[in-house]
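S.K.: The structure under discussion is supplied below as structure tokens; questions concerning it will follow.
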Amino acid sequence: MRTIVVDHPLVAHKLTVLRDKDTDSPTFRSLADELVTLLAYEATRDVRVEPTDIETPVAPTTGTRLATPRPLVVPILRAGLGMLDGMMRLLPTAEVGFLGMVRNEETLEAVTYAERLPDDLTGRQCYVVDPMLATGGTLAAAIRFLVDRGADHITAVCLLAAPEGCARLEQELADLDIPVTVVTAAMDERLNEKGYIVPGLGDAGDRLYGIAAG
């Protein structure tokens with residue numbers, strides 16, 4: 001598994017504002033959207049392409065286009081929805097699937113409660129978007145869910161990651177023989193006793209939408 005921490009001054013600036021507890025939800029949503037697009041640029045470095053012949057106003061030439069099957073962007077509900085537009089801005093022809101997973105706050109394990117994905121993902125590149133890679137349980141379960149359906153290349157895009165989550169991800173996915181990459185804006189210090197990232201930015205879902213999940 002590869003882990004890429006994007007080192008860019010604009011990424012650091014936007015992340016700092018997201019971390020600030022005084023940043024309101026509309027500003028948080030806007031900045032998260034912008035930050036995801038910056039992360040997506042790095043995350044799509046290995047997107048599959050194929051040559052295509054075109055004609056410019058001056059002469060014929062060979063260019064590049066996204067290969068088929070098209071990439072699949074999979075937000076983890078609910079907080080991942082706040083990252084979807086930022087990904088689609090860079091991959092407007094990608095398809096979108098949804099995976100509803102929630103962390104049990106007592107066991108810290110991921111539970112799947114909904115999914116809207118093709119039954120067959122054979123040969124598909126998938127981009128999983130979830131703001132926080134904390135304990136790693138949710139993301140590990142999501143990646144294995146996609147691989148079980150045939151996905152053969154997974155990139156996860158996260159605003160923040162914790163070392164414990166990355167270690168668990170690497171351990172739980174060690175048996176997979178497909179490339180898995182995590183792209184994040186920062187690797188934070190640690191998790192606290194409640195499984196939250198420190199210093200983190202709080203509950204991403206609550207800060208995106210202004211209300212707790214009911």
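FYI, nothing fancy with the structure tokens labels: chains A, B, ... in order, residues from 1 per chain, ligands from 1 as they appear.
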Counting only C-alpha atoms, which residues in segment 134-182 of chain A sit no more than 8 Å from segment 194-198 of chain A? For each one, give the nearest pair of atoms and the distance in Å, sorted by chain then residue number, as a Markdown table.

M.R.:
```
| residue | atom | partner | partner_atom | distance |
| --- | --- | --- | --- | --- |
| A:Ala134 | CA | A:Ile197 | CA | 5.9 |
| A:Thr135 | CA | A:Gly195 | CA | 6.3 |
| A:Ala161 | CA | A:Ile197 | CA | 7.5 |
| A:Ala162 | CA | A:Ile197 | CA | 6.2 |
```

S.K.: Hey, what's within 10 Å of Arg29 of chain A if we count only C-alpha atoms and toss same-chain stuff fewer than 5 positions away? As a VMD selection string, please?

M.R.: chain A and resid 18 23 to 24 34 to 35 82 to 83 204 207 to 209

S.K.: Just the selected residues (N, CA and C atoms), exported as a CSV table (one decimal), in the first residue's frame, please.

M.R.:
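Final output, part.csv:
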```csv
chain,number,residue,atom,x,y,z
A,18,LEU,N,-9.9,24.6,7.5
A,18,LEU,CA,-10.8,23.5,7.9
A,18,LEU,C,-10.7,23.1,9.3
A,23,THR,N,-14.6,28.0,11.9
A,23,THR,CA,-15.0,28.0,10.5
A,23,THR,C,-16.4,27.4,10.4
A,24,ASP,N,-17.3,28.2,9.8
A,24,ASP,CA,-18.7,27.8,9.8
A,24,ASP,C,-18.9,26.7,8.7
A,34,GLU,N,-12.8,22.5,-2.5
A,34,GLU,CA,-11.5,23.0,-3.2
A,34,GLU,C,-10.4,22.1,-2.9
A,35,LEU,N,-10.3,21.7,-1.6
A,35,LEU,CA,-9.2,20.8,-1.2
A,35,LEU,C,-9.2,19.5,-1.9
A,82,GLY,N,-19.6,15.1,0.8
A,82,GLY,CA,-19.1,16.4,0.8
A,82,GLY,C,-17.8,16.5,-0.1
A,83,MET,N,-17.3,15.4,-0.5
A,83,MET,CA,-16.1,15.4,-1.3
A,83,MET,C,-16.3,15.0,-2.8
A,204,ALA,N,-16.2,15.3,10.7
A,204,ALA,CA,-16.3,16.0,9.3
A,204,ALA,C,-17.7,16.1,8.9
A,207,ARG,N,-19.5,18.9,10.7
A,207,ARG,CA,-19.0,20.2,10.2
A,207,ARG,C,-19.4,20.5,8.8
A,208,LEU,N,-19.5,19.5,8.0
A,208,LEU,CA,-20.0,19.7,6.6
A,208,LEU,C,-21.5,20.1,6.6
A,209,TYR,N,-22.3,19.5,7.4
A,209,TYR,CA,-23.7,19.6,7.3
A,209,TYR,C,-24.4,20.4,8.5
```

S.K.: Mind the document's chain letters and residue numbers, and return as a CSV table (one decimal) with N, CA, C and O atoms, in the first residue's frame the residues of segment 8-196 of chain A that DSSP labels helix (DSSP H, G or I).

M.R.:
```csv
chain,number,residue,atom,x,y,z
A,9,PRO,N,1.5,24.3,-0.6
A,9,PRO,CA,1.1,25.4,0.2
A,9,PRO,C,-0.4,25.7,0.2
A,9,PRO,O,-1.0,26.0,1.3
A,10,LEU,N,-1.0,25.5,-0.9
A,10,LEU,CA,-2.5,25.7,-1.0
A,10,LEU,C,-3.2,24.7,-0.2
A,10,LEU,O,-4.2,24.9,0.4
A,11,VAL,N,-2.7,23.4,-0.3
A,11,VAL,CA,-3.3,22.4,0.5
A,11,VAL,C,-3.2,22.7,2.0
A,11,VAL,O,-4.2,22.5,2.8
A,12,ALA,N,-2.0,23.1,2.4
A,12,ALA,CA,-1.8,23.4,3.8
A,12,ALA,C,-2.7,24.6,4.3
A,12,ALA,O,-3.2,24.5,5.4
A,13,HIS,N,-2.8,25.6,3.4
A,13,HIS,CA,-3.6,26.7,3.8
A,13,HIS,C,-5.1,26.4,4.0
A,13,HIS,O,-5.7,26.7,5.0
A,14,LYS,N,-5.6,25.6,3.0
A,14,LYS,CA,-7.1,25.3,3.1
A,14,LYS,C,-7.3,24.3,4.3
A,14,LYS,O,-8.3,24.4,4.9
A,15,LEU,N,-6.4,23.4,4.5
A,15,LEU,CA,-6.6,22.5,5.6
A,15,LEU,C,-6.5,23.2,7.0
A,15,LEU,O,-7.3,22.9,7.9
A,16,THR,N,-5.7,24.3,7.1
A,16,THR,CA,-5.7,25.0,8.3
A,16,THR,C,-7.0,25.7,8.6
A,16,THR,O,-7.5,25.7,9.8
A,17,VAL,N,-7.6,26.2,7.6
A,17,VAL,CA,-9.0,26.9,7.8
A,17,VAL,C,-10.0,25.8,8.1
A,17,VAL,O,-10.9,26.0,9.0
A,18,LEU,N,-9.9,24.6,7.5
A,18,LEU,CA,-10.8,23.5,7.9
A,18,LEU,C,-10.7,23.1,9.3
A,18,LEU,O,-11.7,22.8,10.0
A,19,ARG,N,-9.5,23.1,9.8
A,19,ARG,CA,-9.2,22.7,11.2
A,19,ARG,C,-9.8,23.7,12.2
A,19,ARG,O,-10.2,23.3,13.3
A,25,SER,N,-20.1,26.1,8.7
A,25,SER,CA,-20.4,25.0,7.8
A,25,SER,C,-20.3,25.4,6.3
A,25,SER,O,-19.7,24.6,5.5
A,26,PRO,N,-20.9,26.5,5.9
A,26,PRO,CA,-20.8,26.9,4.4
A,26,PRO,C,-19.3,27.0,4.0
A,26,PRO,O,-19.0,26.6,2.9
A,27,THR,N,-18.5,27.7,4.8
A,27,THR,CA,-17.1,27.9,4.5
A,27,THR,C,-16.4,26.5,4.5
A,27,THR,O,-15.6,26.2,3.6
A,28,PHE,N,-16.7,25.7,5.4
A,28,PHE,CA,-16.1,24.4,5.5
A,28,PHE,C,-16.4,23.6,4.3
A,28,PHE,O,-15.5,22.9,3.7
A,29,ARG,N,-17.7,23.6,3.8
A,29,ARG,CA,-18.0,22.8,2.6
A,29,ARG,C,-17.3,23.3,1.4
A,29,ARG,O,-16.8,22.5,0.6
A,30,SER,N,-17.2,24.6,1.3
A,30,SER,CA,-16.6,25.2,0.1
A,30,SER,C,-15.1,24.9,0.1
A,30,SER,O,-14.5,24.5,-1.0
A,31,LEU,N,-14.4,25.0,1.2
A,31,LEU,CA,-13.0,24.7,1.3
A,31,LEU,C,-12.7,23.2,1.1
A,31,LEU,O,-11.7,22.8,0.5
A,32,ALA,N,-13.6,22.4,1.7
A,32,ALA,CA,-13.4,20.9,1.5
A,32,ALA,C,-13.5,20.6,0.0
A,32,ALA,O,-12.7,19.8,-0.5
A,33,ASP,N,-14.4,21.2,-0.7
A,33,ASP,CA,-14.6,20.9,-2.1
A,33,ASP,C,-13.3,21.3,-2.9
A,33,ASP,O,-12.8,20.6,-3.7
A,34,GLU,N,-12.8,22.5,-2.5
A,34,GLU,CA,-11.5,23.0,-3.2
A,34,GLU,C,-10.4,22.1,-2.9
A,34,GLU,O,-9.5,21.7,-3.8
A,35,LEU,N,-10.3,21.7,-1.6
A,35,LEU,CA,-9.2,20.8,-1.2
A,35,LEU,C,-9.2,19.5,-1.9
A,35,LEU,O,-8.2,18.9,-2.3
A,36,VAL,N,-10.4,18.9,-2.0
A,36,VAL,CA,-10.5,17.6,-2.7
A,36,VAL,C,-10.0,17.7,-4.1
A,36,VAL,O,-9.4,16.7,-4.6
A,37,THR,N,-10.4,18.7,-4.8
A,37,THR,CA,-9.9,18.9,-6.2
A,37,THR,C,-8.4,18.9,-6.3
A,37,THR,O,-7.8,18.3,-7.2
A,38,LEU,N,-7.7,19.6,-5.3
A,38,LEU,CA,-6.3,19.6,-5.3
A,38,LEU,C,-5.7,18.1,-5.0
A,38,LEU,O,-4.8,17.7,-5.6
A,39,LEU,N,-6.4,17.4,-4.1
A,39,LEU,CA,-5.9,16.1,-3.8
A,39,LEU,C,-6.2,15.1,-5.0
A,39,LEU,O,-5.4,14.2,-5.3
A,40,ALA,N,-7.3,15.4,-5.7
A,40,ALA,CA,-7.7,14.5,-6.8
A,40,ALA,C,-6.7,14.6,-7.9
A,40,ALA,O,-6.4,13.6,-8.7
A,41,TYR,N,-6.0,15.8,-8.1
A,41,TYR,CA,-5.0,15.9,-9.1
A,41,TYR,C,-3.9,14.9,-8.9
A,41,TYR,O,-3.4,14.2,-9.8
A,42,GLU,N,-3.5,14.7,-7.6
A,42,GLU,CA,-2.4,13.7,-7.3
A,42,GLU,C,-3.0,12.3,-7.3
A,42,GLU,O,-2.3,11.4,-7.8
A,43,ALA,N,-4.2,12.1,-6.9
A,43,ALA,CA,-4.9,10.8,-6.8
A,43,ALA,C,-5.1,10.2,-8.2
A,43,ALA,O,-5.0,9.0,-8.3
A,44,THR,N,-5.3,11.0,-9.2
A,44,THR,CA,-5.5,10.5,-10.5
A,44,THR,C,-4.3,10.4,-11.4
A,44,THR,O,-4.3,10.2,-12.6
A,45,ARG,N,-3.1,10.5,-10.7
A,45,ARG,CA,-1.9,10.4,-11.5
A,45,ARG,C,-1.8,9.1,-12.3
A,45,ARG,O,-1.1,9.0,-13.3
A,46,ASP,N,-2.4,8.0,-11.7
A,46,ASP,CA,-2.3,6.7,-12.4
A,46,ASP,C,-3.6,6.3,-13.0
A,46,ASP,O,-3.8,5.1,-13.3
A,81,LEU,N,-20.0,12.4,0.9
A,81,LEU,CA,-20.7,13.2,-0.1
A,81,LEU,C,-20.2,14.6,-0.3
A,81,LEU,O,-20.2,15.2,-1.3
A,82,GLY,N,-19.6,15.1,0.8
A,82,GLY,CA,-19.1,16.4,0.8
A,82,GLY,C,-17.8,16.5,-0.1
A,82,GLY,O,-17.3,17.6,-0.3
A,83,MET,N,-17.3,15.4,-0.5
A,83,MET,CA,-16.1,15.4,-1.3
A,83,MET,C,-16.3,15.0,-2.8
A,83,MET,O,-15.4,15.1,-3.6
A,84,LEU,N,-17.6,14.6,-3.0
A,84,LEU,CA,-17.9,14.1,-4.4
A,84,LEU,C,-17.7,15.2,-5.5
A,84,LEU,O,-17.1,14.9,-6.5
A,85,ASP,N,-18.2,16.4,-5.3
A,85,ASP,CA,-18.2,17.4,-6.3
A,85,ASP,C,-16.7,17.7,-6.7
A,85,ASP,O,-16.3,17.9,-7.8
A,86,GLY,N,-15.9,17.8,-5.6
A,86,GLY,CA,-14.5,18.0,-5.9
A,86,GLY,C,-13.8,17.0,-6.7
A,86,GLY,O,-12.9,17.3,-7.6
A,87,MET,N,-14.2,15.7,-6.6
A,87,MET,CA,-13.6,14.7,-7.4
A,87,MET,C,-14.2,14.7,-8.8
A,87,MET,O,-13.5,14.6,-9.8
A,88,MET,N,-15.5,15.0,-8.9
A,88,MET,CA,-16.1,14.9,-10.2
A,88,MET,C,-15.7,16.1,-11.1
A,88,MET,O,-15.8,16.1,-12.3
A,89,ARG,N,-15.3,17.2,-10.4
A,89,ARG,CA,-14.8,18.4,-11.2
A,89,ARG,C,-13.6,18.0,-12.0
A,89,ARG,O,-13.4,18.4,-13.2
A,90,LEU,N,-12.8,17.0,-11.5
A,90,LEU,CA,-11.6,16.6,-12.3
A,90,LEU,C,-11.9,15.4,-13.1
A,90,LEU,O,-11.2,15.2,-14.1
A,137,GLY,N,-10.9,1.2,10.0
A,137,GLY,CA,-11.9,0.1,9.9
A,137,GLY,C,-12.8,0.3,8.7
A,137,GLY,O,-13.1,-0.6,7.9
A,138,THR,N,-13.4,1.5,8.6
A,138,THR,CA,-14.4,1.8,7.6
A,138,THR,C,-13.7,1.7,6.2
A,138,THR,O,-14.3,1.1,5.3
A,139,LEU,N,-12.6,2.3,6.1
A,139,LEU,CA,-12.0,2.3,4.7
A,139,LEU,C,-11.5,0.9,4.3
A,139,LEU,O,-11.7,0.5,3.2
A,140,ALA,N,-11.0,0.1,5.3
A,140,ALA,CA,-10.6,-1.2,5.0
A,140,ALA,C,-11.8,-2.1,4.5
A,140,ALA,O,-11.7,-2.8,3.5
A,141,ALA,N,-12.9,-1.9,5.2
A,141,ALA,CA,-14.1,-2.7,4.8
A,141,ALA,C,-14.6,-2.2,3.5
A,141,ALA,O,-15.0,-3.0,2.7
A,142,ALA,N,-14.5,-0.9,3.2
A,142,ALA,CA,-15.0,-0.4,1.9
A,142,ALA,C,-14.1,-0.9,0.8
A,142,ALA,O,-14.6,-1.4,-0.3
A,143,ILE,N,-12.8,-0.9,0.9
A,143,ILE,CA,-11.9,-1.4,-0.1
A,143,ILE,C,-12.1,-2.9,-0.4
A,143,ILE,O,-12.2,-3.3,-1.5
A,144,ARG,N,-12.3,-3.6,0.7
A,144,ARG,CA,-12.5,-5.1,0.5
A,144,ARG,C,-13.8,-5.4,-0.2
A,144,ARG,O,-14.0,-6.3,-1.0
A,145,PHE,N,-14.8,-4.6,0.1
A,145,PHE,CA,-16.2,-4.7,-0.5
A,145,PHE,C,-16.0,-4.5,-2.0
A,145,PHE,O,-16.6,-5.3,-2.8
A,146,LEU,N,-15.2,-3.5,-2.4
A,146,LEU,CA,-15.1,-3.2,-3.9
A,146,LEU,C,-14.2,-4.3,-4.5
A,146,LEU,O,-14.5,-4.7,-5.7
A,147,VAL,N,-13.2,-4.7,-3.9
A,147,VAL,CA,-12.3,-5.8,-4.4
A,147,VAL,C,-13.1,-7.1,-4.6
A,147,VAL,O,-13.0,-7.8,-5.6
A,148,ASP,N,-14.0,-7.4,-3.6
A,148,ASP,CA,-14.8,-8.6,-3.7
A,148,ASP,C,-15.7,-8.6,-5.0
A,148,ASP,O,-16.1,-9.6,-5.5
A,163,PRO,N,-1.8,7.8,11.8
A,163,PRO,CA,-0.8,6.6,11.6
A,163,PRO,C,-1.4,5.3,12.0
A,163,PRO,O,-1.2,4.3,11.3
A,164,GLU,N,-2.3,5.3,13.0
A,164,GLU,CA,-2.9,4.0,13.4
A,164,GLU,C,-3.8,3.5,12.4
A,164,GLU,O,-3.9,2.3,12.1
A,165,GLY,N,-4.6,4.4,11.7
A,165,GLY,CA,-5.5,4.0,10.6
A,165,GLY,C,-4.7,3.4,9.4
A,165,GLY,O,-5.1,2.4,8.8
A,166,CYS,N,-3.6,4.1,9.1
A,166,CYS,CA,-2.8,3.6,7.9
A,166,CYS,C,-2.2,2.2,8.2
A,166,CYS,O,-2.2,1.3,7.4
A,167,ALA,N,-1.7,2.0,9.5
A,167,ALA,CA,-1.1,0.8,9.9
A,167,ALA,C,-2.2,-0.4,9.8
A,167,ALA,O,-1.9,-1.5,9.3
A,168,ARG,N,-3.4,-0.1,10.3
A,168,ARG,CA,-4.5,-1.1,10.3
A,168,ARG,C,-4.8,-1.4,8.8
A,168,ARG,O,-5.1,-2.6,8.5
A,169,LEU,N,-4.9,-0.4,8.0
A,169,LEU,CA,-5.3,-0.6,6.6
A,169,LEU,C,-4.3,-1.5,5.9
A,169,LEU,O,-4.6,-2.4,5.2
A,170,GLU,N,-3.0,-1.2,6.2
A,170,GLU,CA,-2.0,-2.0,5.6
A,170,GLU,C,-2.0,-3.5,6.0
A,170,GLU,O,-1.9,-4.4,5.3
A,171,GLN,N,-2.3,-3.6,7.3
A,171,GLN,CA,-2.4,-5.0,7.9
A,171,GLN,C,-3.6,-5.8,7.4
A,171,GLN,O,-3.5,-6.9,7.0
A,172,GLU,N,-4.8,-5.1,7.3
A,172,GLU,CA,-6.0,-5.8,7.0
A,172,GLU,C,-6.1,-6.1,5.4
A,172,GLU,O,-6.8,-7.0,5.0
```

S.K.: List every residue of segment 93-175 of chain A that has an atom at most 7 Å from any atom of segment 71-80 of chain A, giving for each one its closest atom pair and the distance in Å to one decimal, counting only C-alpha atoms, sorted by chain and then by ascending residue number, as a tab-separated table.

M.R.:
```
residue	atom	partner	partner_atom	distance
A:Ala94	CA	A:Pro71	CA	5.1
A:Glu95	CA	A:Leu72	CA	4.8
A:Val96	CA	A:Val73	CA	4.8
A:Gly97	CA	A:Val74	CA	4.9
A:Phe98	CA	A:Val74	CA	5.3
A:Leu99	CA	A:Ile76	CA	5.1
A:Gly100	CA	A:Leu77	CA	4.7
A:Met101	CA	A:Leu77	CA	6.3
A:Arg124	CA	A:Pro71	CA	6.2
A:Gln125	CA	A:Pro71	CA	5.1
A:Cys126	CA	A:Leu72	CA	4.7
A:Tyr127	CA	A:Val73	CA	4.7
A:Val128	CA	A:Val74	CA	4.7
A:Val129	CA	A:Pro75	CA	4.7
A:Asp130	CA	A:Gly80	CA	4.5
A:Pro131	CA	A:Gly80	CA	6.2
```

S.K.: Could those selected residues go to a file with all heavy atoms, as a CSV table (one decimal), in the first residue's frame?

M.R.:
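Listed below is the output, result-v2.csv:
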```
chain,number,residue,atom,x,y,z
A,94,ALA,N,-16.5,10.2,-15.0
A,94,ALA,CA,-16.5,9.0,-14.1
A,94,ALA,C,-17.9,8.7,-13.7
A,94,ALA,O,-18.8,9.5,-13.7
A,94,ALA,CB,-15.6,9.3,-12.9
A,95,GLU,N,-18.1,7.4,-13.4
A,95,GLU,CA,-19.4,7.0,-12.8
A,95,GLU,C,-19.3,7.1,-11.3
A,95,GLU,O,-18.2,7.2,-10.7
A,95,GLU,CB,-19.7,5.5,-13.2
A,95,GLU,CG,-19.9,5.4,-14.7
A,95,GLU,CD,-20.2,3.9,-15.1
A,95,GLU,OE1,-20.2,3.1,-14.2
A,95,GLU,OE2,-20.5,3.7,-16.3
A,96,VAL,N,-20.4,7.1,-10.7
A,96,VAL,CA,-20.5,7.3,-9.2
A,96,VAL,C,-21.3,6.1,-8.6
A,96,VAL,O,-22.4,5.8,-9.0
A,96,VAL,CB,-21.2,8.6,-8.9
A,96,VAL,CG1,-21.3,8.8,-7.3
A,96,VAL,CG2,-20.4,9.8,-9.5
A,97,GLY,N,-20.7,5.6,-7.5
A,97,GLY,CA,-21.4,4.6,-6.7
A,97,GLY,C,-21.5,5.1,-5.3
A,97,GLY,O,-20.7,6.0,-4.9
A,98,PHE,N,-22.3,4.5,-4.5
A,98,PHE,CA,-22.4,5.0,-3.1
A,98,PHE,C,-22.3,3.8,-2.1
A,98,PHE,O,-22.8,2.7,-2.4
A,98,PHE,CB,-23.7,5.7,-2.9
A,98,PHE,CG,-23.9,6.9,-3.7
A,98,PHE,CD1,-24.6,6.9,-4.9
A,98,PHE,CD2,-23.4,8.1,-3.2
A,98,PHE,CE1,-24.7,8.0,-5.7
A,98,PHE,CE2,-23.5,9.3,-4.0
A,98,PHE,CZ,-24.1,9.2,-5.2
A,99,LEU,N,-21.6,4.0,-1.0
A,99,LEU,CA,-21.4,2.9,0.0
A,99,LEU,C,-21.7,3.6,1.3
A,99,LEU,O,-21.0,4.5,1.7
A,99,LEU,CB,-20.0,2.4,-0.1
A,99,LEU,CG,-19.7,1.1,0.7
A,99,LEU,CD1,-20.7,0.0,0.3
A,99,LEU,CD2,-18.3,0.6,0.4
A,100,GLY,N,-22.7,3.1,2.0
A,100,GLY,CA,-23.1,3.6,3.3
A,100,GLY,C,-22.5,2.7,4.4
A,100,GLY,O,-22.8,1.6,4.6
A,101,MET,N,-21.6,3.3,5.1
A,101,MET,CA,-20.9,2.6,6.2
A,101,MET,C,-20.9,3.6,7.4
A,101,MET,O,-20.7,4.8,7.3
A,101,MET,CB,-19.5,2.2,5.8
A,101,MET,CG,-19.4,1.4,4.5
A,101,MET,SD,-17.8,0.6,4.2
A,101,MET,CE,-18.1,-0.9,5.1
A,124,ARG,N,-12.2,-2.4,-13.0
A,124,ARG,CA,-12.5,-1.0,-12.7
A,124,ARG,C,-11.5,-0.4,-11.8
A,124,ARG,O,-11.1,-1.0,-10.8
A,124,ARG,CB,-13.9,-0.9,-12.1
A,124,ARG,CG,-15.0,-1.3,-13.0
A,124,ARG,CD,-15.2,-0.5,-14.2
A,124,ARG,NE,-15.7,0.8,-13.9
A,124,ARG,CZ,-17.1,1.1,-13.9
A,124,ARG,NH1,-17.9,0.2,-14.1
A,124,ARG,NH2,-17.5,2.4,-13.7
A,125,GLN,N,-11.1,0.8,-12.1
A,125,GLN,CA,-10.4,1.7,-11.1
A,125,GLN,C,-11.4,2.4,-10.2
A,125,GLN,O,-12.3,3.0,-10.8
A,125,GLN,CB,-9.5,2.7,-11.8
A,125,GLN,CG,-8.2,2.2,-12.3
A,125,GLN,CD,-7.3,3.3,-12.9
A,125,GLN,OE1,-7.7,4.0,-13.8
A,125,GLN,NE2,-6.2,3.5,-12.3
A,126,CYS,N,-11.2,2.3,-8.9
A,126,CYS,CA,-12.2,3.0,-8.0
A,126,CYS,C,-11.5,4.0,-7.2
A,126,CYS,O,-10.3,3.8,-6.7
A,126,CYS,CB,-12.8,1.9,-7.1
A,126,CYS,SG,-13.9,0.7,-8.0
A,127,TYR,N,-12.1,5.1,-7.0
A,127,TYR,CA,-11.6,6.2,-6.1
A,127,TYR,C,-12.6,6.3,-4.9
A,127,TYR,O,-13.7,6.8,-5.1
A,127,TYR,CB,-11.5,7.5,-6.9
A,127,TYR,CG,-10.5,7.4,-8.0
A,127,TYR,CD1,-10.8,7.0,-9.2
A,127,TYR,CD2,-9.1,7.8,-7.7
A,127,TYR,CE1,-9.8,6.9,-10.2
A,127,TYR,CE2,-8.2,7.7,-8.7
A,127,TYR,CZ,-8.5,7.2,-9.9
A,127,TYR,OH,-7.5,7.1,-10.9
A,128,VAL,N,-12.2,5.9,-3.8
A,128,VAL,CA,-13.0,6.0,-2.6
A,128,VAL,C,-12.7,7.3,-1.9
A,128,VAL,O,-11.6,7.6,-1.6
A,128,VAL,CB,-12.7,4.8,-1.6
A,128,VAL,CG1,-13.6,4.8,-0.4
A,128,VAL,CG2,-12.8,3.5,-2.4
A,129,VAL,N,-13.8,8.0,-1.6
A,129,VAL,CA,-13.6,9.3,-0.9
A,129,VAL,C,-14.3,9.3,0.5
A,129,VAL,O,-15.5,9.0,0.6
A,129,VAL,CB,-14.1,10.5,-1.8
A,129,VAL,CG1,-13.3,10.7,-3.0
A,129,VAL,CG2,-15.6,10.3,-2.2
A,130,ASP,N,-13.5,9.6,1.5
A,130,ASP,CA,-13.9,9.6,2.9
A,130,ASP,C,-13.0,10.6,3.6
A,130,ASP,O,-11.8,10.5,3.5
A,130,ASP,CB,-13.8,8.2,3.5
A,130,ASP,CG,-14.6,8.1,4.8
A,130,ASP,OD1,-15.5,9.0,5.1
A,130,ASP,OD2,-14.4,7.2,5.5
A,131,PRO,N,-13.6,11.6,4.3
A,131,PRO,CA,-12.8,12.7,4.8
A,131,PRO,C,-11.7,12.2,5.8
A,131,PRO,O,-10.6,12.7,5.8
A,131,PRO,CB,-13.8,13.6,5.5
A,131,PRO,CG,-15.1,13.3,4.9
A,131,PRO,CD,-15.0,11.9,4.5
```

S.K.: Could you please write out, as a PyMOL selection string, every residue of segment 105-136 of chain A that DSSP assigns to strand (DSSP E or B)?

M.R.: chain A and resi 110-116+125-129+132-133

S.K.: Just write the chosen residues, N, CA, C and O atoms, as a compact mmCIF listing (two decimals), in the first residue's frame.

M.R.:
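Saved as result30.txt:
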```txt
# COMPACT_ATOMS: atom_id res chain seq x y z
N ALA A 110 -16.61 -1.01 11.40
CA ALA A 110 -17.47 -0.46 10.35
C ALA A 110 -18.63 -1.40 10.07
O ALA A 110 -18.46 -2.62 10.00
N VAL A 111 -19.82 -0.82 9.90
CA VAL A 111 -21.02 -1.58 9.57
C VAL A 111 -21.61 -1.01 8.29
O VAL A 111 -21.79 0.19 8.16
N THR A 112 -21.89 -1.88 7.31
CA THR A 112 -22.48 -1.45 6.04
C THR A 112 -24.00 -1.42 6.17
O THR A 112 -24.62 -2.38 6.60
N TYR A 113 -24.61 -0.27 5.83
CA TYR A 113 -26.06 -0.17 5.92
C TYR A 113 -26.73 0.12 4.59
O TYR A 113 -27.95 0.03 4.48
N ALA A 114 -25.95 0.46 3.55
CA ALA A 114 -26.53 0.72 2.24
C ALA A 114 -25.43 0.68 1.19
O ALA A 114 -24.27 0.96 1.47
N GLU A 115 -25.82 0.31 -0.04
CA GLU A 115 -24.86 0.37 -1.15
C GLU A 115 -25.60 0.52 -2.47
O GLU A 115 -26.70 0.00 -2.65
N ARG A 116 -25.00 1.28 -3.35
CA ARG A 116 -25.52 1.47 -4.70
C ARG A 116 -24.32 1.39 -5.64
O ARG A 116 -23.70 2.39 -5.97
N GLN A 125 -11.09 0.84 -12.06
CA GLN A 125 -10.37 1.67 -11.11
C GLN A 125 -11.40 2.38 -10.24
O GLN A 125 -12.34 2.99 -10.76
N CYS A 126 -11.21 2.32 -8.94
CA CYS A 126 -12.16 2.96 -8.02
C CYS A 126 -11.45 3.99 -7.16
O CYS A 126 -10.33 3.76 -6.67
N TYR A 127 -12.13 5.12 -6.97
CA TYR A 127 -11.63 6.20 -6.11
C TYR A 127 -12.61 6.34 -4.95
O TYR A 127 -13.74 6.80 -5.12
N VAL A 128 -12.17 5.92 -3.77
CA VAL A 128 -13.00 5.96 -2.57
C VAL A 128 -12.73 7.29 -1.87
O VAL A 128 -11.57 7.64 -1.61
N VAL A 129 -13.78 8.03 -1.55
CA VAL A 129 -13.61 9.32 -0.90
C VAL A 129 -14.28 9.30 0.47
O VAL A 129 -15.46 8.98 0.60
N MET A 132 -12.02 11.24 6.67
CA MET A 132 -11.12 10.91 7.76
C MET A 132 -10.69 9.44 7.72
O MET A 132 -11.54 8.55 7.74
N LEU A 133 -9.40 9.21 7.66
CA LEU A 133 -8.85 7.87 7.85
C LEU A 133 -8.37 7.82 9.29
O LEU A 133 -7.24 8.18 9.61
```

S.K.: Atom CA of Leu159 of chain A and atom CA of Glu106 of chain A, how far apart in Å?

M.R.: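 Distance reported for this atom pair: 23.9 Å.
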
S.K.: For atom CA of Val49 of chain A and atom CA of Pro69 of chain A, determine how far apart the two atoms are, in Å to one decimal place.

M.R.: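 Between these atoms lies a distance of 10.2 Å.
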
S.K.: At a cut-off of 9 Å, using only C-alpha atoms, what residues contact Val5 of chain A? Leave out same-chain residues fewer than 4 positions from it and give the result as a ChimeraX atom specification.

M.R.: /A:182-187
